[in-house]
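K.L.:
The structure file query_29.cif (mmCIF, C-alpha atoms and all ligand atoms) is provided below.
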```
data_model
#
loop_
_atom_site.label_atom_id
_atom_site.label_comp_id
_atom_site.auth_asym_id
_atom_site.auth_seq_id
_atom_site.Cartn_x
_atom_site.Cartn_y
_atom_site.Cartn_z
CA MET A 1 156.48 151.22 86.84
CA ASN A 2 158.78 151.28 89.83
CA LEU A 3 156.72 151.67 92.97
CA ARG A 4 159.52 151.60 95.49
CA TRP A 5 159.65 154.84 97.42
CA SER A 6 162.79 156.96 97.29
CA ALA A 7 163.88 159.20 100.18
CA GLU A 8 162.37 162.10 98.26
CA ASP A 9 159.07 160.20 97.93
CA GLU A 10 159.05 159.45 101.65
CA ALA A 11 159.62 163.14 102.41
CA PHE A 12 156.75 163.99 100.09
CA ARG A 13 154.53 161.44 101.85
CA GLN A 14 155.37 163.02 105.18
CA GLU A 15 154.54 166.50 103.88
CA ALA A 16 151.17 165.35 102.47
CA ARG A 17 150.31 163.36 105.60
CA GLU A 18 151.07 166.25 107.94
CA TRP A 19 149.05 168.75 105.93
CA LEU A 20 146.03 166.47 105.56
CA THR A 21 146.06 165.25 109.17
CA ASP A 22 146.44 168.74 110.54
CA LYS A 23 143.61 170.25 108.48
CA LEU A 24 141.20 167.33 108.93
CA ALA A 25 141.72 167.29 112.69
CA GLY A 26 141.36 171.06 112.86
CA GLU A 27 139.25 173.54 110.91
CA PHE A 28 137.94 170.91 108.45
CA ALA A 29 137.18 168.14 110.97
CA ILE A 30 133.48 168.37 110.08
CA VAL A 31 134.05 167.08 106.52
CA ARG A 32 136.38 164.22 107.43
CA GLY A 33 135.07 161.01 105.84
CA ARG A 34 131.96 162.74 104.41
CA GLY A 35 130.66 163.23 100.88
CA GLY A 36 131.60 159.81 99.51
CA PRO A 37 129.38 157.59 97.33
CA GLY A 38 125.76 157.90 98.42
CA ASP A 39 126.68 160.85 100.67
CA GLU A 40 127.37 163.45 97.95
CA HIS A 41 124.69 165.81 99.18
CA ALA A 42 126.37 166.18 102.57
CA LEU A 43 128.03 169.44 103.65
CA PHE A 44 128.42 170.89 100.17
CA ASP A 45 129.45 174.41 101.28
CA GLU A 46 131.95 173.03 103.76
CA ARG A 47 133.40 170.64 101.19
CA HIS A 48 133.61 173.47 98.67
CA SER A 49 135.65 175.46 101.21
CA TRP A 50 137.82 172.37 101.62
CA GLU A 51 138.29 172.20 97.83
CA ARG A 52 139.48 175.82 97.81
CA ALA A 53 141.81 175.19 100.75
CA LEU A 54 143.27 172.16 98.98
CA GLY A 55 143.72 174.28 95.85
CA ALA A 56 145.39 177.14 97.70
CA ALA A 57 147.89 174.70 99.21
CA GLY A 58 148.59 173.02 95.85
CA TRP A 59 146.86 169.71 96.62
CA THR A 60 144.34 169.67 93.76
CA CYS A 61 145.12 168.48 90.22
CA VAL A 62 148.46 167.18 91.43
CA ALA A 63 149.12 165.39 88.12
CA TRP A 64 148.68 168.46 85.93
CA PRO A 65 151.55 170.64 84.68
CA GLU A 66 152.40 173.47 87.07
CA GLU A 67 151.76 176.14 84.43
CA TYR A 68 148.03 175.29 84.53
CA GLY A 69 147.71 175.22 88.30
CA GLY A 70 148.81 171.62 88.88
CA ARG A 71 151.75 170.25 90.81
CA GLY A 72 153.43 168.20 88.07
CA LEU A 73 153.83 165.17 90.34
CA SER A 74 155.42 161.93 89.17
CA LEU A 75 153.13 158.88 88.95
CA THR A 76 154.70 157.53 92.14
CA GLN A 77 153.96 160.70 94.06
CA GLN A 78 150.40 160.81 92.71
CA VAL A 79 149.90 157.31 94.12
CA ILE A 80 151.35 158.47 97.44
CA PHE A 81 149.04 161.49 97.54
CA TYR A 82 145.94 159.36 96.84
CA GLU A 83 147.03 156.91 99.56
CA GLU A 84 147.48 159.66 102.10
CA TYR A 85 144.20 161.31 101.16
CA ALA A 86 142.35 158.04 101.77
CA ARG A 87 144.30 157.32 104.94
CA ALA A 88 143.37 160.75 106.32
CA GLN A 89 139.72 160.09 105.29
CA GLY A 90 139.67 163.16 103.09
CA PRO A 91 136.09 164.04 102.06
CA GLY A 92 134.48 163.36 98.66
CA ARG A 93 135.85 166.03 96.31
CA VAL A 94 133.33 168.48 94.85
CA GLY A 95 135.80 169.23 92.04
CA LEU A 96 136.31 165.64 90.97
CA VAL A 97 134.62 165.89 87.54
CA GLY A 98 136.71 168.93 86.62
CA GLU A 99 139.95 167.50 87.94
CA GLY A 100 139.53 163.90 86.82
CA LEU A 101 137.55 164.14 83.57
CA LEU A 102 137.45 167.56 81.94
CA GLY A 103 140.92 168.77 82.97
CA PRO A 104 142.87 165.84 81.49
CA THR A 105 140.67 166.05 78.37
CA ILE A 106 141.55 169.71 77.83
CA ILE A 107 145.21 169.00 78.51
CA HIS A 108 145.15 166.38 75.72
CA PHE A 109 142.74 167.80 73.19
CA GLY A 110 142.26 171.50 74.05
CA THR A 111 143.80 174.64 72.58
CA GLU A 112 146.29 176.74 74.54
CA ASP A 113 143.59 179.37 75.11
CA GLN A 114 141.25 176.72 76.52
CA LYS A 115 144.00 175.45 78.85
CA GLN A 116 144.65 178.97 80.14
CA ARG A 117 140.96 179.74 80.56
CA PHE A 118 139.55 176.53 82.04
CA LEU A 119 142.29 174.70 83.95
CA PRO A 120 143.33 177.20 86.68
CA PRO A 121 139.80 177.74 88.11
CA ILE A 122 139.41 173.96 88.42
CA ALA A 123 142.67 173.79 90.36
CA THR A 124 141.63 176.60 92.71
CA GLY A 125 138.17 175.06 93.28
CA ASP A 126 136.46 178.15 91.85
CA GLU A 127 134.70 176.41 88.95
CA LEU A 128 132.91 173.08 89.23
CA TRP A 129 131.99 170.87 86.28
CA CYS A 130 129.44 168.24 85.31
CA GLN A 131 129.28 165.71 82.47
CA GLY A 132 126.53 166.06 79.85
CA TYR A 133 126.73 162.76 77.94
CA SER A 134 123.68 160.56 78.65
CA GLU A 135 120.24 161.24 77.20
CA PRO A 136 116.96 159.33 77.39
CA ASP A 137 117.89 157.55 74.12
CA ALA A 138 121.66 157.65 74.44
CA GLY A 139 123.26 155.76 77.32
CA SER A 140 125.21 152.65 76.38
CA ASP A 141 124.64 153.69 72.78
CA LEU A 142 126.18 157.09 73.40
CA ALA A 143 126.66 157.91 69.72
CA ASN A 144 122.89 158.26 69.56
CA VAL A 145 123.00 161.72 71.21
CA ALA A 146 120.27 163.97 69.84
CA THR A 147 120.89 167.21 71.74
CA ARG A 148 121.71 169.58 68.90
CA ALA A 149 123.85 172.71 68.63
CA GLU A 150 123.79 175.24 65.83
CA LEU A 151 126.04 178.21 65.22
CA ASP A 152 124.41 181.60 65.49
CA GLY A 153 127.11 184.20 64.75
CA ASP A 154 129.86 183.64 67.29
CA GLU A 155 127.79 181.45 69.60
CA TRP A 156 126.44 177.91 69.70
CA VAL A 157 122.74 177.61 70.49
CA ILE A 158 121.77 174.32 72.15
CA HIS A 159 118.46 172.45 72.34
CA GLY A 160 117.84 169.03 73.87
CA GLN A 161 117.89 166.99 77.05
CA LYS A 162 120.54 165.26 79.13
CA VAL A 163 119.83 162.87 81.99
CA TRP A 164 121.64 161.39 85.01
CA THR A 165 123.84 164.50 85.10
CA SER A 166 125.69 164.16 88.41
CA LEU A 167 126.14 167.33 90.46
CA ALA A 168 124.62 169.55 87.72
CA HIS A 169 122.88 171.55 90.44
CA TRP A 170 126.25 172.68 91.80
CA ALA A 171 128.21 172.91 88.57
CA ASP A 172 129.29 176.16 86.93
CA TRP A 173 130.05 174.44 83.60
CA CYS A 174 129.08 171.30 81.73
CA PHE A 175 130.88 169.48 78.92
CA VAL A 176 128.05 168.57 76.56
CA LEU A 177 128.05 166.12 73.67
CA CYS A 178 125.98 167.72 70.92
CA ARG A 179 124.99 166.76 67.41
CA THR A 180 126.34 169.47 65.13
CA ASP A 181 125.84 167.70 61.77
CA ARG A 182 122.58 165.81 61.47
CA ASP A 183 123.44 164.43 58.01
CA ALA A 184 126.76 162.83 58.97
CA PRO A 185 127.04 159.17 60.13
CA LYS A 186 126.25 158.73 63.85
CA HIS A 187 129.79 158.94 65.23
CA LYS A 188 130.89 161.76 62.91
CA GLY A 189 128.55 164.68 63.51
CA ILE A 190 129.14 165.12 67.26
CA SER A 191 130.97 168.03 68.93
CA TYR A 192 132.26 168.40 72.49
CA LEU A 193 131.03 171.77 73.79
CA LEU A 194 131.82 173.58 77.04
CA VAL A 195 128.66 175.26 78.27
CA PRO A 196 128.12 177.64 81.23
CA MET A 197 125.38 176.25 83.49
CA ARG A 198 124.12 179.45 85.05
CA GLN A 199 121.97 180.85 82.26
CA ASP A 200 118.28 181.13 81.40
CA GLY A 201 118.37 178.48 78.66
CA ILE A 202 119.16 175.69 81.14
CA ASP A 203 116.65 174.00 83.42
CA ILE A 204 117.94 171.52 86.02
CA ARG A 205 115.52 169.05 87.61
CA PRO A 206 116.75 166.75 90.38
CA ILE A 207 116.06 163.00 90.24
CA ARG A 208 115.34 161.40 93.61
CA GLN A 209 117.43 158.28 94.08
CA VAL A 210 117.05 155.12 96.14
CA THR A 211 119.28 156.72 98.80
CA GLY A 212 116.56 159.37 99.24
CA THR A 213 118.87 162.11 97.94
CA SER A 214 119.46 163.60 94.50
CA GLU A 215 123.01 163.31 93.27
CA PHE A 216 121.96 163.46 89.62
CA ASN A 217 119.53 165.45 87.50
CA GLU A 218 117.72 165.90 84.25
CA VAL A 219 119.11 168.92 82.38
CA PHE A 220 117.04 170.64 79.69
CA PHE A 221 118.70 172.92 77.14
CA GLU A 222 116.23 175.37 75.64
CA GLY A 223 118.26 177.82 73.57
CA ALA A 224 121.27 177.69 75.91
CA ARG A 225 124.31 179.50 74.53
CA THR A 226 128.06 179.19 74.60
CA ALA A 227 130.88 180.85 72.66
CA ALA A 228 131.78 179.35 69.27
CA THR A 229 135.34 178.83 70.54
CA ASN A 230 134.15 176.60 73.40
CA VAL A 231 134.48 173.39 71.40
CA VAL A 232 137.17 170.86 72.36
CA GLY A 233 138.81 169.22 69.33
CA ALA A 234 137.46 169.90 65.87
CA VAL A 235 133.77 170.59 65.20
CA ASN A 236 132.06 167.25 64.34
CA ASP A 237 135.07 165.31 65.71
CA GLY A 238 133.88 165.21 69.33
CA TRP A 239 133.52 161.42 69.49
CA LYS A 240 137.29 160.99 69.77
CA VAL A 241 137.42 163.56 72.57
CA ALA A 242 134.44 161.96 74.33
CA MET A 243 136.20 158.58 74.32
CA GLY A 244 139.33 160.22 75.77
CA THR A 245 137.25 161.52 78.70
CA LEU A 246 135.73 158.06 79.22
CA ALA A 247 139.21 156.54 79.36
CA PHE A 248 140.02 158.92 82.21
CA GLU A 249 136.71 158.09 83.91
CA ARG A 250 137.27 154.34 83.69
CA GLY A 251 140.96 154.42 84.52
CA ALA A 252 143.21 156.09 87.05
CA LEU A 253 140.46 158.07 88.67
CA THR A 254 139.78 154.82 90.48
CA LEU A 255 143.22 154.67 92.06
CA GLY A 256 142.12 156.94 94.89
CA GLN A 257 138.73 155.26 94.95
CA GLN A 258 140.26 151.86 95.64
CA LEU A 259 141.94 153.19 98.76
CA ASN A 260 138.59 154.45 100.00
CA PHE A 261 137.23 150.95 99.39
CA GLU A 262 140.03 149.66 101.65
CA ASN A 263 138.68 151.93 104.40
CA GLU A 264 135.21 150.47 103.83
CA LEU A 265 136.58 146.92 104.03
CA THR A 266 138.36 147.75 107.30
CA ALA A 267 135.06 149.01 108.73
CA ILE A 268 133.28 145.84 107.53
CA ARG A 269 135.96 143.65 109.10
CA GLU A 270 135.58 145.50 112.41
CA VAL A 271 131.81 144.98 112.41
CA ALA A 272 132.23 141.30 111.49
CA THR A 273 134.59 140.90 114.45
CA LYS A 274 132.26 142.76 116.82
CA THR A 275 129.17 140.82 115.78
CA GLY A 276 131.02 137.49 115.83
CA ARG A 277 130.15 136.87 112.17
CA VAL A 278 133.83 136.60 111.45
CA GLU A 279 133.62 133.09 112.94
CA ASP A 280 131.41 132.02 110.04
CA PRO A 281 133.72 130.34 107.48
CA LEU A 282 131.69 131.72 104.58
CA VAL A 283 132.01 135.28 105.90
CA ARG A 284 135.75 134.76 106.42
CA GLN A 285 136.04 133.55 102.86
CA ARG A 286 134.21 136.61 101.53
CA LEU A 287 136.40 138.93 103.60
CA ALA A 288 139.46 137.23 102.11
CA ASP A 289 137.98 137.49 98.60
CA ALA A 290 137.32 141.20 99.13
CA THR A 291 140.89 141.75 100.30
CA ILE A 292 142.24 139.97 97.23
CA GLY A 293 139.80 141.82 94.96
CA LEU A 294 140.93 145.22 96.20
CA ARG A 295 144.56 144.28 95.75
CA ILE A 296 143.93 143.21 92.14
CA MET A 297 141.98 146.42 91.58
CA ARG A 298 145.02 148.40 92.68
CA PHE A 299 147.26 146.58 90.20
CA ASN A 300 144.71 147.09 87.43
CA ALA A 301 144.59 150.82 88.18
CA LEU A 302 148.37 151.05 88.12
CA ARG A 303 148.49 149.12 84.83
CA ALA A 304 145.97 151.57 83.37
CA LEU A 305 148.14 154.59 84.16
CA GLY A 306 150.43 154.16 81.13
CA PRO A 307 147.77 154.12 78.37
CA LEU A 308 145.87 156.75 80.29
CA ALA A 309 148.71 159.21 80.14
CA ARG A 310 148.11 159.01 76.37
CA ALA A 311 144.28 159.36 76.74
CA GLU A 312 143.84 155.92 75.16
CA MET A 313 140.89 153.65 75.79
CA THR A 314 142.41 150.16 75.69
CA PRO A 315 140.72 146.81 76.40
CA LEU A 316 142.54 147.00 79.73
CA THR A 317 140.35 149.95 80.68
CA ALA A 318 137.28 147.75 80.14
CA VAL A 319 138.76 144.93 82.24
CA HIS A 320 139.53 147.40 85.01
CA LYS A 321 136.07 149.04 84.99
CA LEU A 322 134.28 145.67 84.98
CA TYR A 323 136.49 144.35 87.76
CA TRP A 324 136.37 147.24 90.23
CA ALA A 325 132.64 147.81 89.79
CA THR A 326 131.90 144.14 90.47
CA VAL A 327 134.26 143.96 93.46
CA HIS A 328 132.71 147.06 94.98
CA ARG A 329 129.16 145.85 94.46
CA SER A 330 130.09 142.61 96.30
CA LEU A 331 131.61 144.71 99.08
CA GLY A 332 128.28 146.50 99.51
CA GLU A 333 126.50 143.14 99.79
CA LEU A 334 129.07 141.93 102.32
CA ALA A 335 128.50 145.08 104.42
CA MET A 336 124.80 144.18 104.68
CA ASP A 337 125.49 140.53 105.44
CA VAL A 338 127.89 141.16 108.32
CA LEU A 339 125.25 143.39 109.91
CA GLY A 340 122.64 140.65 109.66
CA THR A 341 119.17 141.84 110.69
CA ASP A 342 120.66 145.16 111.90
CA ALA A 343 121.08 146.02 108.23
CA GLU A 344 117.36 146.75 108.22
CA ILE A 345 117.58 149.50 110.83
CA GLY A 346 118.21 153.13 109.86
CA GLU A 347 120.40 155.62 111.68
CA GLN A 348 117.49 157.66 112.98
CA ALA A 349 113.85 158.41 112.22
CA PRO A 350 112.40 159.16 109.78
CA TYR A 351 114.84 158.11 107.05
CA GLU A 352 118.52 158.54 107.73
CA LEU A 353 120.60 155.78 106.22
CA THR A 354 123.70 154.41 107.93
CA ALA A 355 127.05 154.67 106.14
CA PHE A 356 126.87 150.92 105.29
CA GLN A 357 123.35 151.24 103.87
CA ARG A 358 124.37 154.24 101.74
CA MET A 359 127.35 152.31 100.50
CA PHE A 360 125.30 149.21 99.68
CA LEU A 361 122.71 151.22 97.74
CA TYR A 362 125.28 153.31 95.88
CA THR A 363 127.37 150.31 94.84
CA ARG A 364 124.39 149.14 92.76
CA ALA A 365 125.20 152.11 90.48
CA ASP A 366 128.89 151.24 90.09
CA THR A 367 128.11 148.58 87.49
CA ILE A 368 126.13 151.13 85.43
CA TYR A 369 127.79 154.56 85.28
CA GLY A 370 130.91 155.12 83.19
CA GLY A 371 129.76 152.19 81.00
CA SER A 372 127.76 149.22 82.31
CA ASN A 373 129.18 145.76 83.05
CA GLU A 374 127.44 144.35 79.98
CA ILE A 375 129.09 146.94 77.74
CA GLN A 376 132.52 146.25 79.25
CA ARG A 377 131.95 142.51 78.62
CA ASN A 378 131.07 143.26 75.01
CA ILE A 379 134.30 145.24 74.60
CA ILE A 380 136.35 142.46 76.20
CA GLY A 381 134.59 139.81 74.10
CA GLU A 382 135.17 141.62 70.84
CA ARG A 383 138.54 143.30 71.36
CA VAL A 384 140.36 140.94 73.74
CA LEU A 385 138.90 137.52 73.03
CA GLY A 386 138.21 138.12 69.33
CA LEU A 387 134.63 136.87 69.55
CA PRO A 388 132.22 137.74 66.72
CA LYS A 389 131.03 141.33 66.79
CA GLU A 390 127.62 142.22 68.16
CA PRO A 391 125.13 142.60 65.29
CA ALA A 392 124.76 146.30 64.44
C1 LIG B 401 125.14 157.10 89.71
C2 LIG B 401 125.17 157.47 88.27
C3 LIG B 401 125.75 158.66 87.88
C4 LIG B 401 125.75 159.02 86.53
N1 LIG B 401 126.31 160.22 86.19
C5 LIG B 401 126.26 160.61 84.89
C6 LIG B 401 126.77 161.91 84.52
O1 LIG B 401 127.24 162.68 85.35
N2 LIG B 401 126.69 162.26 83.22
C7 LIG B 401 126.20 161.43 82.27
O2 LIG B 401 126.20 161.82 81.10
N3 LIG B 401 125.70 160.21 82.58
C8 LIG B 401 125.72 159.79 83.87
N4 LIG B 401 125.23 158.56 84.23
C9 LIG B 401 124.58 157.74 83.19
C10 LIG B 401 125.35 156.50 82.79
O3 LIG B 401 126.46 156.82 82.01
C11 LIG B 401 124.36 155.59 82.04
O4 LIG B 401 123.40 155.17 82.99
C12 LIG B 401 125.01 154.39 81.41
O5 LIG B 401 125.84 154.77 80.34
C13 LIG B 401 123.97 153.36 80.90
O6 LIG B 401 123.07 154.00 80.08
P1 LIG B 401 121.48 153.89 80.31
O7 LIG B 401 121.22 154.21 81.75
O8 LIG B 401 120.83 154.72 79.28
O9 LIG B 401 121.11 152.37 80.10
P2 LIG B 401 120.86 151.64 78.71
O10 LIG B 401 121.97 151.98 77.77
O11 LIG B 401 119.47 151.89 78.29
O12 LIG B 401 121.02 150.14 79.13
C14 LIG B 401 120.00 149.42 79.86
C15 LIG B 401 120.53 148.03 80.15
O13 LIG B 401 120.77 147.33 78.92
C16 LIG B 401 122.13 146.89 78.83
N5 LIG B 401 122.63 147.05 77.47
C17 LIG B 401 122.53 148.15 76.69
N6 LIG B 401 123.12 147.95 75.50
C18 LIG B 401 123.62 146.68 75.53
C19 LIG B 401 124.35 145.88 74.60
N7 LIG B 401 124.70 146.37 73.42
N8 LIG B 401 124.70 144.64 74.98
C20 LIG B 401 124.37 144.13 76.22
N9 LIG B 401 123.66 144.86 77.13
C21 LIG B 401 123.30 146.11 76.79
C22 LIG B 401 122.90 147.79 79.79
O14 LIG B 401 124.07 147.18 80.28
C23 LIG B 401 121.86 148.02 80.89
O15 LIG B 401 121.88 146.95 81.79
C24 LIG B 401 125.20 158.16 85.55
C25 LIG B 401 124.63 156.94 85.95
C26 LIG B 401 124.60 156.59 87.28
C27 LIG B 401 123.98 155.29 87.67
#
```
Do you think you could lay out the structure here as structure tokens?
Ligand SMILES: Cc1cc2nc3c(=O)[nH]c(=O)nc-3n(C[C@H](O)[C@H](O)[C@H](O)COP(=O)(O)OP(=O)(O)OC[C@H]3O[C@@H](n4cnc5c(N)ncnc54)[C@H](O)[C@@H]3O)c2cc1C
P.N.:
Amino acid sequence: MNLRWSAEDEAFRQEAREWLTDKLAGEFAIVRGRGGPGDEHALFDERHSWERALGAAGWTCVAWPEEYGGRGLSLTQQVIFYEEYARAQGPGRVGLVGEGLLGPTIIHFGTEDQKQRFLPPIATGDELWCQGYSEPDAGSDLANVATRAELDGDEWVIHGQKVWTSLAHWADWCFVLCRTDRDAPKHKGISYLLVPMRQDGIDIRPIRQVTGTSEFNEVFFEGARTAATNVVGAVNDGWKVAMGTLAFERGALTLGQQLNFENELTAIREVATKTGRVEDPLVRQRLADATIGLRIMRFNALRALGPLARAEMTPLTAVHKLYWATVHRSLGELAMDVLGTDAEIGEQAPYELTAFQRMFLYTRADTIYGGSNEIQRNIIGERVLGLPKEPA
């Protein structure tokens, strides 16, 4: 990939920078820098308005084809947009699951009708999505999903339980992995259903997290319904589609994320300078390591873009996920260490965490969601290094 900027790219950068700077200094100043990891609960209505404003100006789903509400940007210009978004401290996006996970999945595996129905409202910010994969007995071993769906006339009827469902309380729709053939081998009888969240058959219960807030939920399906046509890919062939979504989750989605991590590192460096901890050779070494780590993460994300455009989960995706999650977790630890004993003090009584504390706590989750570090190591061991397979 050629990442030198042409005159056209530079003009595009200028356009994006001006729009973002203007809006985030003006009517949307309140959401600037808010809603990131550990802060997802903050200013939801305001960030939803921001999502709609971004959509109206054509700044959501910039990679998607224009006919479905995207902007059809080249890879280079996508990178530029993510860079400018992070530079402007754009807020955490409430539409991220729709834009980054479900949208690309429908573009690759969906029917034309599904593209027409589901993609434009994601681009305008009018419909938000959540991911219904994990269950109490299906996390790393995702093929173990037991939530079942049965056809009743022209509708699926769903029973079962999902867990750790991020942002389910705000979502209009959920993509749900369901068992649709109980007699088939584990990976074969699964379908990928699109299910409206606002209906009587769905009960959402928040889970309180270590940050004190509830970003994720338990979701109970008790006779929930969706149209028979709302299945992505063939019935009972949802595993392939589910893996496509995971490739998107583990891959380029992190390109923008990495630039936010750069902002965090800058803040850590400033605190280290202010507190004098930067004089400590060990702290200096860790700051240098973090800088190098983020640079490598960027190259990994760029390398992942090619296979990702084909919705492929390659061993590279596992290397990338393992690497960025570990780098970010170390960054959270570094943030605490440069604060020293001040790391123990909250923002205000009774329990308001500082941005660094939120970041530290949330980074503990990075090595779990989207596939844990141990699972990525297994994939690398088996598929890259050719080590013996894990016993079934
Ligand atoms: C912040 C956050 C947000 C999330 N959001 C969502 C969401 O929106 N939707 C959703 O569906 N899920 C979501 N998840 C769930 C996430 O995908 C699972 O937590 C993850 O897949 C691990 O599954 P588990 O929690 O069931 O752990 P388990 O699979 O039970 O694993 C427990 C431990 O055992 C290890 N382990 C398991 N199997 C192996 C093995 N074969 N070899 C070596 N070690 C192994 C794991 O690495 C882990 O350390 C989220 C999780 C977090 C933390």
K.L.:
Give as JSON, numbers by chain every residue, naming chains and numbers as the document does, that has an atom within 12 Å of (137.0, 149.3, 81.0), counting all atoms listed in the file.
P.N.:
{"A": [243, 246, 247, 248, 249, 250, 251, 252, 254, 300, 301, 304, 308, 312, 313, 314, 315, 316, 317, 318, 319, 320, 321, 322, 323, 324, 325, 326, 367, 368, 369, 370, 371, 372, 373, 374, 375, 376, 377, 378, 379, 380, 381, 383, 384]}
K.L.:
Could you list the protein, DNA and RNA residues that have any atom within 10 Å of ligand LIG 401 (chain B), counting all atoms listed in the file, and write them as a PyMOL selection string?
P.N.:
chain A and resi 37-38+97+129-142+162-168+174-177+209+214-218+246+362-379+390-392
K.L.:
Determine the nearest neighbour of Ala224 of chain A from the options A:Thr60, A:Thr147, A:Gln257, A:Thr291, counting all atoms listed in the file.
P.N.:
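Of A:Thr60, A:Thr147, A:Gln257, A:Thr291, the one nearest Ala224 of chain A, counting all atoms listed in the file, is A:Thr147.
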K.L.:
What separation in Å, quoted to one decimal, exists between atom CA of Glu264 of chain A and atom CA of Ile122 of chain A?
P.N.:
28.4 Å
K.L.:
List as a PyMOL selection string the protein and nucleic acid residues near segment 9-21 of chain A, meaning an atom at most 12 Å away when only C-alpha atoms are counted, but skip any in the same chain fewer than 4 places from it.
P.N.:
chain A and resi 3-5+25-29+32+50+53-54+57-60+62+73-91
K.L.:
Can I get the selected residues back with C-alpha atoms, as a JSON list (two decimals), in the frame of the given file?
P.N.:
```json
[["chain", "number", "residue", "atom", "x", "y", "z"],
["A", 3, "LEU", "CA", 156.72, 151.67, 92.97],
["A", 4, "ARG", "CA", 159.52, 151.60, 95.49],
["A", 5, "TRP", "CA", 159.65, 154.84, 97.42],
["A", 25, "ALA", "CA", 141.72, 167.29, 112.69],
["A", 26, "GLY", "CA", 141.36, 171.06, 112.86],
["A", 27, "GLU", "CA", 139.25, 173.54, 110.91],
["A", 28, "PHE", "CA", 137.94, 170.91, 108.45],
["A", 29, "ALA", "CA", 137.18, 168.14, 110.97],
["A", 32, "ARG", "CA", 136.38, 164.22, 107.43],
["A", 50, "TRP", "CA", 137.82, 172.37, 101.62],
["A", 53, "ALA", "CA", 141.81, 175.19, 100.75],
["A", 54, "LEU", "CA", 143.27, 172.16, 98.98],
["A", 57, "ALA", "CA", 147.89, 174.70, 99.21],
["A", 58, "GLY", "CA", 148.59, 173.02, 95.85],
["A", 59, "TRP", "CA", 146.86, 169.71, 96.62],
["A", 60, "THR", "CA", 144.34, 169.67, 93.76],
["A", 62, "VAL", "CA", 148.46, 167.18, 91.43],
["A", 73, "LEU", "CA", 153.83, 165.17, 90.34],
["A", 74, "SER", "CA", 155.42, 161.93, 89.17],
["A", 75, "LEU", "CA", 153.13, 158.88, 88.95],
["A", 76, "THR", "CA", 154.70, 157.53, 92.14],
["A", 77, "GLN", "CA", 153.96, 160.70, 94.06],
["A", 78, "GLN", "CA", 150.40, 160.81, 92.71],
["A", 79, "VAL", "CA", 149.90, 157.31, 94.12],
["A", 80, "ILE", "CA", 151.35, 158.47, 97.44],
["A", 81, "PHE", "CA", 149.04, 161.49, 97.54],
["A", 82, "TYR", "CA", 145.94, 159.36, 96.84],
["A", 83, "GLU", "CA", 147.03, 156.91, 99.56],
["A", 84, "GLU", "CA", 147.48, 159.66, 102.10],
["A", 85, "TYR", "CA", 144.20, 161.31, 101.16],
["A", 86, "ALA", "CA", 142.35, 158.04, 101.77],
["A", 87, "ARG", "CA", 144.30, 157.32, 104.94],
["A", 88, "ALA", "CA", 143.37, 160.75, 106.32],
["A", 89, "GLN", "CA", 139.72, 160.09, 105.29],
["A", 90, "GLY", "CA", 139.67, 163.16, 103.09],
["A", 91, "PRO", "CA", 136.09, 164.04, 102.06]]
```
K.L.:
What does the distance between atom CA of Arg182 of chain A and atom CA of Val235 of chain A come to in Å, to one decimal place?
P.N.:
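It comes out at 12.7 Å.
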K.L.:
I'd like the interatomic distance between atom CA of Ala349 of chain A and atom CA of Thr213 of chain A, to a tenth of an Å.
P.N.:
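Atom CA of Thr213 of chain A lies at a distance of 15.6 Å from atom CA of Ala349 of chain A.
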K.L.:
Please provide the set of residues having any atom within 12 Å of Arg148 of chain A, restricted to only C-alpha atoms, with same-chain residues fewer than 3 positions apart removed, written as a PyMOL selection string.
P.N.:
chain A and resi 135+144-145+151+156-162+176-182+189-193+220-225+236
K.L.:
Mind writing the picked residues with C-alpha atoms as a JSON list (two decimals), in the coordinates of the input?
P.N.:
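What follows is the written file result.json:
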```json
[["chain", "number", "residue", "atom", "x", "y", "z"],
["A", 135, "GLU", "CA", 120.24, 161.24, 77.20],
["A", 144, "ASN", "CA", 122.89, 158.26, 69.56],
["A", 145, "VAL", "CA", 123.00, 161.72, 71.21],
["A", 151, "LEU", "CA", 126.04, 178.21, 65.22],
["A", 156, "TRP", "CA", 126.44, 177.91, 69.70],
["A", 157, "VAL", "CA", 122.74, 177.61, 70.49],
["A", 158, "ILE", "CA", 121.77, 174.32, 72.15],
["A", 159, "HIS", "CA", 118.46, 172.45, 72.34],
["A", 160, "GLY", "CA", 117.84, 169.03, 73.87],
["A", 161, "GLN", "CA", 117.89, 166.99, 77.05],
["A", 162, "LYS", "CA", 120.54, 165.26, 79.13],
["A", 176, "VAL", "CA", 128.05, 168.57, 76.56],
["A", 177, "LEU", "CA", 128.05, 166.12, 73.67],
["A", 178, "CYS", "CA", 125.98, 167.72, 70.92],
["A", 179, "ARG", "CA", 124.99, 166.76, 67.41],
["A", 180, "THR", "CA", 126.34, 169.47, 65.13],
["A", 181, "ASP", "CA", 125.84, 167.70, 61.77],
["A", 182, "ARG", "CA", 122.58, 165.81, 61.47],
["A", 189, "GLY", "CA", 128.55, 164.68, 63.51],
["A", 190, "ILE", "CA", 129.14, 165.12, 67.26],
["A", 191, "SER", "CA", 130.97, 168.03, 68.93],
["A", 192, "TYR", "CA", 132.26, 168.40, 72.49],
["A", 193, "LEU", "CA", 131.03, 171.77, 73.79],
["A", 220, "PHE", "CA", 117.04, 170.64, 79.69],
["A", 221, "PHE", "CA", 118.70, 172.92, 77.14],
["A", 222, "GLU", "CA", 116.23, 175.37, 75.64],
["A", 223, "GLY", "CA", 118.26, 177.82, 73.57],
["A", 224, "ALA", "CA", 121.27, 177.69, 75.91],
["A", 225, "ARG", "CA", 124.31, 179.50, 74.53],
["A", 236, "ASN", "CA", 132.06, 167.25, 64.34]]
```
